[in-house]
Structures are given as C-alpha cells and as structure tokens.
Amino acid sequence: MDIKKSMDVSRKEDNTQFLSYLRDVEKKWQKAWSDAKVFEAELDNKKQKYFITVPYPYPTGPLHIGHGRSYTVGDVHARYERMQGKNVLFPMAFHITGSPIESISNRLKEGDVEFTNLYKSYVSIYLSDQEKIDNTLKSFANPIEVANFFASNICRDFDALGLSIDWRHKFTTGDALYNSFVSWQFRKLKEKGYITTGSYPILYAVKEKQAVGEDDIAGGDELAIEIKEHAAFEAHVSKDIDLLCTCPADIASGEPIKITINPEATYVIASFNQKKLITSEQSVEKLANQGKNLKVTERLLGKEILKRFPTASCAQYNELKLADGQVNSDVASGVMLETTPAKSKDLQNEKNAALIPDFLFYDIAAEKLPVKTRAGSKVIVAVVDGQWFIDYSIKEWKSVAREALSETKVTPERYRKQFNDAFDWLAKRPCARERGIGTRLPFDPKWIIEPLSDSTAYMAFYVVSHKLKTAGAHPEKLVDQFWDYVFLGRGSLKNVETLTGLESKTIESMRTDFLYWYPVDERHTAVAHINNHLSFFIFTHAALFPKELWPKSIALNNLVIRDGTKMSKSKGNVIPLFDISEKYSSDLFRLFIISAGELDSVLDWNAAGIDNMASRLQRFKDVFEQANSFHNEGTLDKKDALLAEWFASTIEMNIQTAKVLYDSYKYRDAIQKALFDNLNCIETYLKYSKEKDRAVVNNALEKIVLGISPVVPHLAEELWRNTGREGFISLMRWPEESAYNKLLIEGFEAVNRSIEDINKITKIMKGSIAKKVTIIIADDWKYELVARLNMQKPKSIGEALSTNANIIGEHKEEASEIVKIFTRIGGETHVPERNIEKLMTSALVELIKDHTNMNEVIVLDAVETNSDKKFKALPGKPAIIISE
RNA sequence: GCAGGGGUGGCAGAGCCUGGUCAAAUGCGACGGGCUUAGGACCCGUUUCCUUUAGCGGAUGCGAGAGUUCGAAUCUCUCCCCCUGCACCA
C-alpha cells in the first residue's frame, strides 16, 4: 500500500519534477550569461547592428504576465536577430514620470486601509519576512523608494524570464542626466515652433487650488470621469435679463425645444459683460475658474424664476419648464436647453441665433456627481492659462511624420491604417503639468513634462546613458551644445569638451556609438500604444533627426487574458510575473506565449494549456536526449539509408521554413516547425529506422536545438552543452542552409495517404477480421502521364488524352480518370517519384502497421500482380487490398 | 457619435490578403479502444449528416441576405451583432 502511494506521488509529480528541472536549468544559465556578459553589446563595425527596444515599464507595482508578453516577444526577436549574426542591443530602463508614484506614496501615508493591504500584497510577492515587508511599506513614504523597490524587482523578473537585456544602459526618467536630455529635446521642439501655449480645461480642486488627476479622486477609476463641453445660449426672460442656458456641445446643433430649470435649486442673477444672466449658484464658482467672472446681485430659487418673470419671452423656444429635480443644477449652468437630435453635418453651419459665441462652459461628466477628491473637497473644471502643448497639428510636422511613418515597417501591416488615422486625429496635446516627477520644462520651469511626452525619443538616450554615467557627467553641464554634437553632429568638439568637462574621446565615442546604433531597428510593444506613444515616437523622431535615423520597424502584439476573462486588479485574477519563474518555468512561459497564439491575437492563459505545453516540452526533451544517446551498432541497409536521408531532409526543410516564419514575425508557426514538427520527425525516425545514422542524427539535433533557442533559450543552452557542444547557444549562428531531398518528403506523405486510405476502408469494413494489406504502387506510365500533365497544362481532357496517346496506349479508361483528377484548374499536383514511393512504403511498413490495425503489410509493384485493384493505383496514392 | 478590429465546428482558435487540393490546421473537451487491479499519465482512433464489408461519392455548412465567378469561409455590396480607443490615465 505504501508502495502504491509513493508510486502515485511520483507519477503525479512528473510534471512538477520537470518544471523544477527547468527552473534549475534557467537559474544556472541566467547566471552563466550574466557572468560572461553575453548580452553586453559593443560597437563592432564588422557586424551589422540591430537595435531593438520594448517600452520601459512603469514600476508602480509588480508586472504581470500580460506585460510579460511584449517583453518576451521582444526578446525572442532579439535572440533570433543575434543568431543571424547581428550585433544586438536590447536595453531597458524605468519610467517614473508623472503622478502615479507620488500618489501611491501619498495614499499609503494617508493610511487608506484597502490600499495599504493591496501594496502589502504586492510587496509580499517579493518578500516573505514580515518585518522586511513592513519596513519596505514604511519606506514607501518616499516616492522614489516605491519606484526603486518595484524597479529592482522587475529587473529580477526580467532576468528570470531570460531576457537578453544589456542592463548597463539602465536609467530612470527621474535621473538628472535623463532630464537634461529631455530638456534638450523640448528646446529643439520649441525652436521648431512645435510647442505652443494656450488655455486648457483641467480637473481642479477648488479648496486646494490644485489640478487633480484620476488617482486623487475618490473612486476615480470607476466613475468614468470626463470633461464635457457645454455650449451656452441666452434666452430673454425680461428686457435686460437673460437665462444662461447650456447644452452639451455635441448636441448643440439640434433644434432647441425647451428650457428646464430645477425649482428647488438656488439660482443667481449676476452681471457679466454688461449683461444680466440667470445661472445656478454652483456655476458661478466654476465660471470664475474658467475666466468668466460673474458679479452676483441676487439669489433666488428656481421656482421663483417663473413667478418673477411670468412673461418670459423665449421666442425661439417652445417652452420654459420647471422640472422636479430633473435638472441637476450642478451641471453647467443648471438651466438646461433641450434640442431635437443633432442636425446632420452639412446643416451644422447654421448657427443657432441664441448661441453665445466663444462661450464654452466646461463641466464634469461622471457616473455620479458631485466628484470629490479623496480628501473630500469638490472637483470642478478650471481653465488654466499658459498650458503648454505639443502641437501635432502643425502641417509641416504632420507631413514629415507621415513620411516617416510610410518608411517604417509596421507588423502586422494592417495596423498601418490605425496609425494613419491616429496621425490625422492628433492635434494639440498638453505636454506638461504642474506636479509630479519628471523633467521641468526648460523654458517655463514651473511646469513638469508629462509622462507620455517625455518618452518619445529616449531610445537615443539609451545609446549614451551608460557612458555618461561612467564618465561621471554632470547633468547641469550637459548643455544643448553637447546633445547637438552627439545626436546631430553640430558644433565643435572642443567647445563641447570645455562646456561639459568631459574628455573629447568620450564625447566622440558617444557620437560614434549613436551613429552606429541608430536608428531604432525595432520597436516592439502592445497594440494599445498606437494612438499615443507610438505615434508620438514617430513624430518626435521625424522632428529631431534626419531621415536616415528614423525608426525602421514597429511590431505589435495583443494582450493576454486569463481563462477567457480580462486580467484586472479588481478581479484579483492577475498572475504576477514573479510567479512564472518561481512556480512555473520561464521557458515554459515563453513557449506558451509564443505558441498559443499569433502576435496580434488575444492570448488566453489557462492551466490546461500550460499543462499541455509542459508535457509536450518534456516529451521533446526526453526524445531529444534519447536520440542523442544511441550508438551505432550495425551498418545501414538501403531502407535505413533512405529513412536517414528522409529524416535529415525533413529537419532541414522544417528549419528553413522556421527561418522564413521567424523573419515574418510568425513566431508561433516558426516554433511549431522548429520544435513540434521536428519532434514528431525524430520520433518517427527513431521508431522506424532499424539502424540509425549517428552523424545524421547529430546534425539534425544541432539544427533543432538552434532553431528553438530563441524561444526556449535556457533548455536549448542546457541541451547544447549536454550534447558536448561548446560556447553559448545564445551566441551561435542560425544553421547554414543546405539542400534537402524533397522527393523523399513527398514519398513519406504518400505513405501517410495510404494509412488514411487503409483506415477509411477498415472503417467501412467494420466487423471484418482482415488483417493483411497489400499496397500496389501504380504503373510507370501513370507517373509519366502526371509529369507531362504538369508541364502541358492541357485545357481539356480530350486534349490531354490525345497529346499523350503514346504513353497511354490501351489504358484509355484509367488515363481519363487520372487526367480528371490531376488536371484541376489551379495548378500542379505534386506526386512523388515512383521509385521513392515504393522504397519509402516498404521502409515504413512498421509505421503503417502501427497506425492501422493491420498486422501484415505487403508492398507490390503493379507489374508484380494481376489483381483488378491495381488499376486503381495512382501516383502518390497506391491501390490497397485488404484481405484475411 | 467618430475611428479601428472582429463574428468559423461542443469550446478555444487558424484559414480570408494571393478564390479551387477546406468538412476546414492545432489545442481542449467528449466518445471508443490500447496499456493498467483501478484511477491518473501515456498511446491509437472517432467527433455535420447520408451512402458504402472496400478508399478517390453526395448533401448541408464558416453571423444574415444578395451579388461576382465554372467555383466563395475566402472577393463585392447591404444588414445584424460583439470588442477596443477617443487625449492629460500611464
């Protein structure tokens, strides 16, 4: 009984044992890579460079497997390019700009219990000691500590995933050196006139006199808060007093129907621009913050308005109505104008007579009003003056950006349209805020550049970041002349040397490095970034750099869901990236991410799929090792030699196909070929070849392990070394192409067709005890006929028959059958060579037995038999006789 | 509303650009069988319907409808439904 139990355990643990094996292998090779600095890329003029970037993460919490997808795919790409002999630079940094990190710090300081527990759970992913957890949480009072803690753990996660990153380039967007770079970037944009200033509506806490973000608002993430524009109209109620009516701007072009006010709410009569207006009491403060100061002269309830102005002449409107609480006096002016459905576009030019020109009333639209900050003070919309914008609508900029886009490869190509649309739509974008972490606007330091605007050209900074650090550059000395020199080749080296205090050879090497690594060869990220980040990325590059430094290629992937539902913090179904390397395995994760779906399809993470992938990967490893372990005993007979050649050919073909697929970003199909198809091929070979060819197997295994290494680098590294090979597979070249024998592959396919046919027949014959199958290879003339048909492409059956009468001879009936089948419109038919078909079939009789329930297989040439069935035999599809 | 993407078999998901070899890859599930004392794991087979103790047959079929074509899951048009983004959130 005990034995049974222990057997149970060992069987059940099969999977977990394999996973733990993988984890050990992963840790071992990650250490080896890091010790040998294999991913540190240096300028090398003998090698073609390849600069790939994936957007840096925002360290406000642990990354989850959804984030893991983009980084993994980026890494597969990086590794593949490295195998093509390219000098690959794959750097990484951290984005800490803006308010989220501060806001986390603040909320923890405020002692929000739910929030504190959330962060406790995040920290506990990485730490187990309770005291350490508490201390870490305490340290979060300083926002930088939040960023530091998560950033360092994300580094760990990335390493554990096997990402081939050159960490020397790491920085955060809060670093002074980075700020200097961004300042330069913004001054450049300003010089070009791409940065403008103006007024802009923002969410604003009245009491604190401060702009607020979504994080500052109570329930901000659920309220779906929006700033809405309301058009204003005036409606006379007496000779000198007007109602200030408002209506959402998007329906303002409709025909006005009626005006509604709330009888219980307080309204005011106030003077504005030599007019007297009636508006809600709440609106006065809002308008004051939108640059419209009203002087209140009198207060009155809504219901008093009609009493006071019974003869209200609202000529344009049918009705002035008092509504019971139907009108929220806290929305815009509290005097609602209803309209008929909006007019069609061509009618919209007809402005409503009562519309007050240039009077827009901004207010908040949210699921629940009023909107308050977490501290409880009221949030309104204020219009700030002096807001800085990046003006993407400037014509010359747009057109040069369009040009840059047209020269950028977009994968999948169908997303190009979305880019084009985004480019059309991009206009002025506010680029700075009054608070948060980041770079101050160089020409107006009270503003801080916002997160999306400071991350559009940082790939250039990557190239020099490590050298600036090691050279001990002083951020305040990195004046524009320095950046101009390094990135644009302007100015004199001497001058820059004096200004920065850096050695001239350091400066010169940064310039050389930049020219070597730039442009960005590949930007890999999620589809969601097209409308903003990726578009800004192209715009900024088009603005700053000459054409030859514009981005080469953008590749996109979709998101990851779990068990059919979106992952979200609130659902609690998020899997942190940490769990992958600790509880599953990085190679398994990588394999799943790559093979479970094409890049632009949504990927569903589910336990069944993972388990399945684990057992397939294990099978691969077992079969690989088994193939590697046999020794030659005898000599190869003709059949074995044939099978060996078939095996070598199939592997070679699969690897060549895989390369084409990798090249076109079809990683899923590529790994299908390189791993799973090859696995089947090895298994078939091992099973059905009596004597194996050591050299052939060795060669095939080498190709296979190279072919899978971009996706499962750790296991590949281990198998590489375990099979007596030297060096890191991560630095090996993709296998050289060699010729392969296609005829043998076709021959094998013919055998598979025979198996299918045998099974079809036995199904029909169910109940029969027949166990013997005779396979008859078609007559020679049929092969010749098919070959001719492929060349001749005859237009009709008659033509085909008459032109080939000499080889058809008296077999007219059979021939017309063949012609019918093999002259389908649309192209050639592939048939194996007759000799090979015959040899392959007899070499694989065991395979046929295994896949059918036959126990005797006889292969005959048509000339060796008189059976009637032999007339049914076709090239590539022999006649089959099943008998007892 | 505007813009983008999509609707395929019990489920998930390829195929669609470049129409025929697509009753439609692959995985999961289900069913049957092998191996097992048994379960799990593994292996083999079946998984729209009809016909057939002999394979290369027929029908229906890829959101709905219409069209182009010798031929449509694939091309065109109309309709219905679903998802995503819409700016200061990163």
# chains A, B, ... in the order shown; residues from 1 in each chain; ligands from 1
$ closest_atom_pairs --of "chain B" --to "chain A" --cutoff "12 Å" --atoms "only C-alpha atoms (C1' of nucleotides)" --output "Markdown table"
| residue | atom | partner | partner_atom | distance |
| --- | --- | --- | --- | --- |
| B:G1 | C1' | A:Asp250 | CA | 8.5 |
| B:C2 | C1' | A:Trp425 | CA | 10.3 |
| B:A3 | C1' | A:Asp421 | CA | 7.1 |
| B:G4 | C1' | A:Gln418 | CA | 6.1 |
| B:G5 | C1' | A:Tyr415 | CA | 9.6 |
| B:G6 | C1' | A:Ser601 | CA | 10.9 |
| B:C11 | C1' | A:Gly564 | CA | 11.0 |
| B:A12 | C1' | A:Asp604 | CA | 8.5 |
| B:G13 | C1' | A:Gly597 | CA | 8.0 |
| B:A14 | C1' | A:Gly597 | CA | 9.2 |
| B:C17 | C1' | A:Arg414 | CA | 9.9 |
| B:G19 | C1' | A:Gly826 | CA | 10.2 |
| B:G20 | C1' | A:Gly826 | CA | 6.8 |
| B:U21 | C1' | A:Thr829 | CA | 8.4 |
| B:A25 | C1' | A:Asp669 | CA | 11.0 |
| B:U26 | C1' | A:Ala596 | CA | 9.7 |
| B:G27 | C1' | A:Gly609 | CA | 7.6 |
| B:C28 | C1' | A:Ala608 | CA | 7.5 |
| B:G29 | C1' | A:Ala608 | CA | 10.9 |
| B:G33 | C1' | A:Asn853 | CA | 11.4 |
| B:G34 | C1' | A:Asn853 | CA | 11.5 |
| B:U37 | C1' | A:Lys4 | CA | 11.9 |
| B:A38 | C1' | A:Lys4 | CA | 11.7 |
| B:G39 | C1' | A:Asp8 | CA | 9.9 |
| B:G40 | C1' | A:Lys12 | CA | 7.4 |
| B:A41 | C1' | A:Arg11 | CA | 7.2 |
| B:C42 | C1' | A:Ser615 | CA | 10.4 |
| B:C43 | C1' | A:Asp850 | CA | 10.5 |
| B:C44 | C1' | A:His851 | CA | 7.3 |
| B:G45 | C1' | A:His851 | CA | 9.2 |
| B:U46 | C1' | A:Lys763 | CA | 10.3 |
| B:U51 | C1' | A:Ile764 | CA | 10.9 |
| B:U52 | C1' | A:Ile764 | CA | 6.9 |
| B:U53 | C1' | A:Met765 | CA | 4.1 |
| B:A54 | C1' | A:Ile761 | CA | 5.3 |
| B:G55 | C1' | A:Asp757 | CA | 4.9 |
| B:C56 | C1' | A:Ile821 | CA | 8.7 |
| B:C70 | C1' | A:Ile825 | CA | 10.1 |
| B:G71 | C1' | A:Ile825 | CA | 10.0 |
| B:C83 | C1' | A:Val602 | CA | 11.4 |
| B:U84 | C1' | A:Ala528 | CA | 8.6 |
| B:G85 | C1' | A:Asn531 | CA | 7.7 |
| B:C86 | C1' | A:Asn531 | CA | 9.3 |
| B:A87 | C1' | A:Arg429 | CA | 7.0 |
| B:C88 | C1' | A:Pro430 | CA | 6.3 |
| B:C89 | C1' | A:Glu214 | CA | 6.9 |
| B:A90 | C1' | A:Pro451 | CA | 7.2 |
$ write_last_selection --atoms "C-alpha atoms (C1' of nucleotides)" --output "compact mmCIF listing (two decimals), in the first residue's frame"
# COMPACT_ATOMS: atom_id res chain seq x y z
C1' G B 1 -21.17 59.86 -32.45
C1' C B 2 -16.12 59.20 -34.73
C1' A B 3 -12.20 55.73 -35.68
C1' G B 4 -10.19 50.73 -35.68
C1' G B 5 -10.85 45.39 -35.20
C1' G B 6 -13.94 41.16 -35.29
C1' C B 11 -15.26 25.30 -26.74
C1' A B 12 -10.68 27.99 -27.85
C1' G B 13 -8.54 29.28 -32.34
C1' A B 14 -6.04 29.03 -37.63
C1' C B 17 -4.65 39.40 -48.28
C1' G B 19 -10.96 32.07 -54.58
C1' G B 20 -10.48 25.56 -56.16
C1' U B 21 -6.29 20.45 -53.10
C1' A B 25 -4.84 23.20 -39.15
C1' U B 26 -3.90 22.92 -33.96
C1' G B 27 -5.25 22.56 -28.82
C1' C B 28 -9.09 21.47 -25.23
C1' G B 29 -13.49 18.72 -24.26
C1' G B 33 -10.03 1.40 -27.86
C1' G B 34 -4.90 0.04 -26.05
C1' U B 37 -6.38 -4.40 -10.32
C1' A B 38 -8.29 0.58 -10.78
C1' G B 39 -7.61 5.91 -11.36
C1' G B 40 -4.00 9.37 -13.38
C1' A B 41 -0.36 9.70 -17.16
C1' C B 42 0.70 7.93 -21.97
C1' C B 43 -0.57 5.85 -26.89
C1' C B 44 -4.27 4.90 -31.03
C1' G B 45 -8.90 6.12 -33.23
C1' U B 46 -13.81 8.78 -33.71
C1' U B 51 -24.23 6.35 -48.80
C1' U B 52 -20.78 2.15 -48.92
C1' U B 53 -17.94 -5.05 -45.90
C1' A B 54 -13.62 -1.51 -49.86
C1' G B 55 -10.69 4.12 -50.11
C1' C B 56 -10.87 8.60 -54.96
C1' C B 70 -17.29 27.31 -63.93
C1' G B 71 -16.26 27.50 -58.46
C1' C B 83 -14.95 44.21 -28.83
C1' U B 84 -11.25 48.34 -28.39
C1' G B 85 -9.69 53.60 -28.42
C1' C B 86 -11.38 58.73 -28.28
C1' A B 87 -6.35 62.81 -25.20
C1' C B 88 -3.63 64.68 -19.97
C1' C B 89 -4.66 58.00 -17.31
C1' A B 90 0.07 55.71 -17.90
$ select_by_dssp --residues "region 231-320 of chain A" --states "strand (DSSP E)" --output "PyMOL selection string"
chain A and resi 231-236+241-248+256-261+266-272+275-280+295-301+319-320
$ write_last_selection --atoms "N, CA and C atoms" --output "compact mmCIF listing (two decimals), in the first residue's frame"
# COMPACT_ATOMS: atom_id res chain seq x y z
N ALA A 231 -22.30 74.05 -24.74
CA ALA A 231 -22.48 75.30 -25.47
C ALA A 231 -23.46 76.17 -24.67
N ALA A 232 -23.29 77.47 -24.74
CA ALA A 232 -24.16 78.37 -23.97
C ALA A 232 -25.08 79.16 -24.91
N PHE A 233 -26.29 79.35 -24.45
CA PHE A 233 -27.29 80.13 -25.21
C PHE A 233 -27.89 81.15 -24.28
N GLU A 234 -28.41 82.22 -24.86
CA GLU A 234 -29.14 83.14 -23.98
C GLU A 234 -30.61 83.19 -24.37
N ALA A 235 -31.44 83.23 -23.35
CA ALA A 235 -32.88 83.29 -23.59
C ALA A 235 -33.41 84.44 -22.74
N HIS A 236 -34.08 85.38 -23.39
CA HIS A 236 -34.57 86.55 -22.65
C HIS A 236 -35.72 86.17 -21.75
N ILE A 241 -32.68 90.91 -18.70
CA ILE A 241 -32.14 89.71 -18.06
C ILE A 241 -32.30 88.48 -18.97
N ASP A 242 -31.21 87.74 -19.07
CA ASP A 242 -31.23 86.51 -19.88
C ASP A 242 -30.99 85.29 -19.01
N LEU A 243 -31.61 84.20 -19.43
CA LEU A 243 -31.25 82.92 -18.82
C LEU A 243 -29.98 82.44 -19.52
N LEU A 244 -29.01 81.96 -18.71
CA LEU A 244 -27.82 81.37 -19.32
C LEU A 244 -28.10 79.88 -19.49
N CYS A 245 -28.51 79.47 -20.68
CA CYS A 245 -28.86 78.06 -20.91
C CYS A 245 -27.61 77.33 -21.42
N THR A 246 -27.50 76.07 -21.04
CA THR A 246 -26.38 75.28 -21.57
C THR A 246 -26.89 73.95 -22.10
N CYS A 247 -26.12 73.45 -23.00
CA CYS A 247 -26.47 72.17 -23.61
C CYS A 247 -25.18 71.53 -24.10
N PRO A 248 -25.03 70.21 -23.91
CA PRO A 248 -23.78 69.57 -24.31
C PRO A 248 -23.42 69.94 -25.75
N PRO A 256 -33.58 73.76 -30.84
CA PRO A 256 -33.96 73.89 -29.43
C PRO A 256 -35.44 73.58 -29.23
N ILE A 257 -35.76 72.85 -28.18
CA ILE A 257 -37.15 72.52 -27.91
C ILE A 257 -37.65 73.22 -26.66
N LYS A 258 -36.92 72.99 -25.56
CA LYS A 258 -37.40 73.62 -24.33
C LYS A 258 -36.27 73.84 -23.36
N ILE A 259 -36.57 74.69 -22.38
CA ILE A 259 -35.58 75.03 -21.36
C ILE A 259 -36.10 74.54 -20.03
N THR A 260 -35.24 73.90 -19.27
CA THR A 260 -35.70 73.34 -18.00
C THR A 260 -34.84 73.85 -16.86
N ILE A 261 -35.50 74.17 -15.75
CA ILE A 261 -34.74 74.57 -14.56
C ILE A 261 -35.22 73.77 -13.37
N THR A 266 -30.92 76.69 -6.05
CA THR A 266 -30.71 78.13 -5.95
C THR A 266 -30.05 78.66 -7.21
N TYR A 267 -30.61 79.72 -7.72
CA TYR A 267 -30.04 80.38 -8.89
C TYR A 267 -29.61 81.78 -8.50
N VAL A 268 -28.87 82.40 -9.37
CA VAL A 268 -28.46 83.78 -9.07
C VAL A 268 -28.70 84.66 -10.29
N ILE A 269 -28.87 85.93 -9.99
CA ILE A 269 -28.83 86.91 -11.07
C ILE A 269 -27.49 87.60 -10.93
N ALA A 270 -26.74 87.60 -12.01
CA ALA A 270 -25.39 88.13 -11.92
C ALA A 270 -25.06 88.94 -13.16
N SER A 271 -24.21 89.91 -12.99
CA SER A 271 -23.86 90.69 -14.17
C SER A 271 -22.56 90.17 -14.78
N PHE A 272 -22.56 90.20 -16.08
CA PHE A 272 -21.42 89.68 -16.84
C PHE A 272 -21.39 90.37 -18.20
N LYS A 275 -24.19 92.47 -19.17
CA LYS A 275 -25.47 91.77 -19.28
C LYS A 275 -25.85 91.28 -17.92
N LYS A 276 -27.13 90.92 -17.78
CA LYS A 276 -27.53 90.24 -16.55
C LYS A 276 -27.95 88.83 -16.91
N LEU A 277 -27.35 87.88 -16.22
CA LEU A 277 -27.62 86.48 -16.54
C LEU A 277 -28.18 85.76 -15.34
N ILE A 278 -29.07 84.80 -15.61
CA ILE A 278 -29.52 83.90 -14.54
C ILE A 278 -28.83 82.57 -14.74
N THR A 279 -28.18 82.12 -13.66
CA THR A 279 -27.49 80.84 -13.75
C THR A 279 -27.49 80.21 -12.36
N SER A 280 -27.11 78.94 -12.27
CA SER A 280 -27.18 78.29 -10.96
C SER A 280 -26.09 78.84 -10.05
N LYS A 295 -20.72 88.81 -11.40
CA LYS A 295 -20.94 89.52 -10.15
C LYS A 295 -22.37 89.26 -9.73
N VAL A 296 -22.51 88.53 -8.63
CA VAL A 296 -23.85 88.13 -8.19
C VAL A 296 -24.55 89.32 -7.54
N THR A 297 -25.76 89.60 -7.99
CA THR A 297 -26.51 90.69 -7.37
C THR A 297 -27.69 90.17 -6.56
N GLU A 298 -28.10 88.96 -6.87
CA GLU A 298 -29.30 88.47 -6.19
C GLU A 298 -29.38 86.96 -6.27
N ARG A 299 -29.96 86.33 -5.24
CA ARG A 299 -30.16 84.88 -5.25
C ARG A 299 -31.65 84.58 -5.29
N LEU A 300 -32.03 83.52 -5.94
CA LEU A 300 -33.44 83.14 -5.93
C LEU A 300 -33.59 81.65 -6.24
N LEU A 301 -34.69 81.07 -5.79
CA LEU A 301 -34.94 79.65 -6.06
C LEU A 301 -35.46 79.49 -7.48
N GLU A 319 -41.00 76.24 -24.86
CA GLU A 319 -41.46 76.01 -23.51
C GLU A 319 -40.38 76.38 -22.50
N LEU A 320 -40.76 76.98 -21.45
CA LEU A 320 -39.85 77.15 -20.33
C LEU A 320 -40.48 76.37 -19.20
$ select_by_dssp --residues "region 243-481 of chain A" --states "alpha helix (DSSP H)" --output "MDAnalysis selection string"
chainID A and resid 281:288 302:308 395:406 416:425 458:470 480:481
$ closest_residue --among "A:Ile437, A:Ala627, A:Val54, A:Leu355" --to "Gly68 (chain A)" --atoms "only C-alpha atoms"
A:Val54
$ atom_distance --atom1 "CA of Ala805 (chain A)" --atom2 "CA of Pro832 (chain A)"
22.7 Å
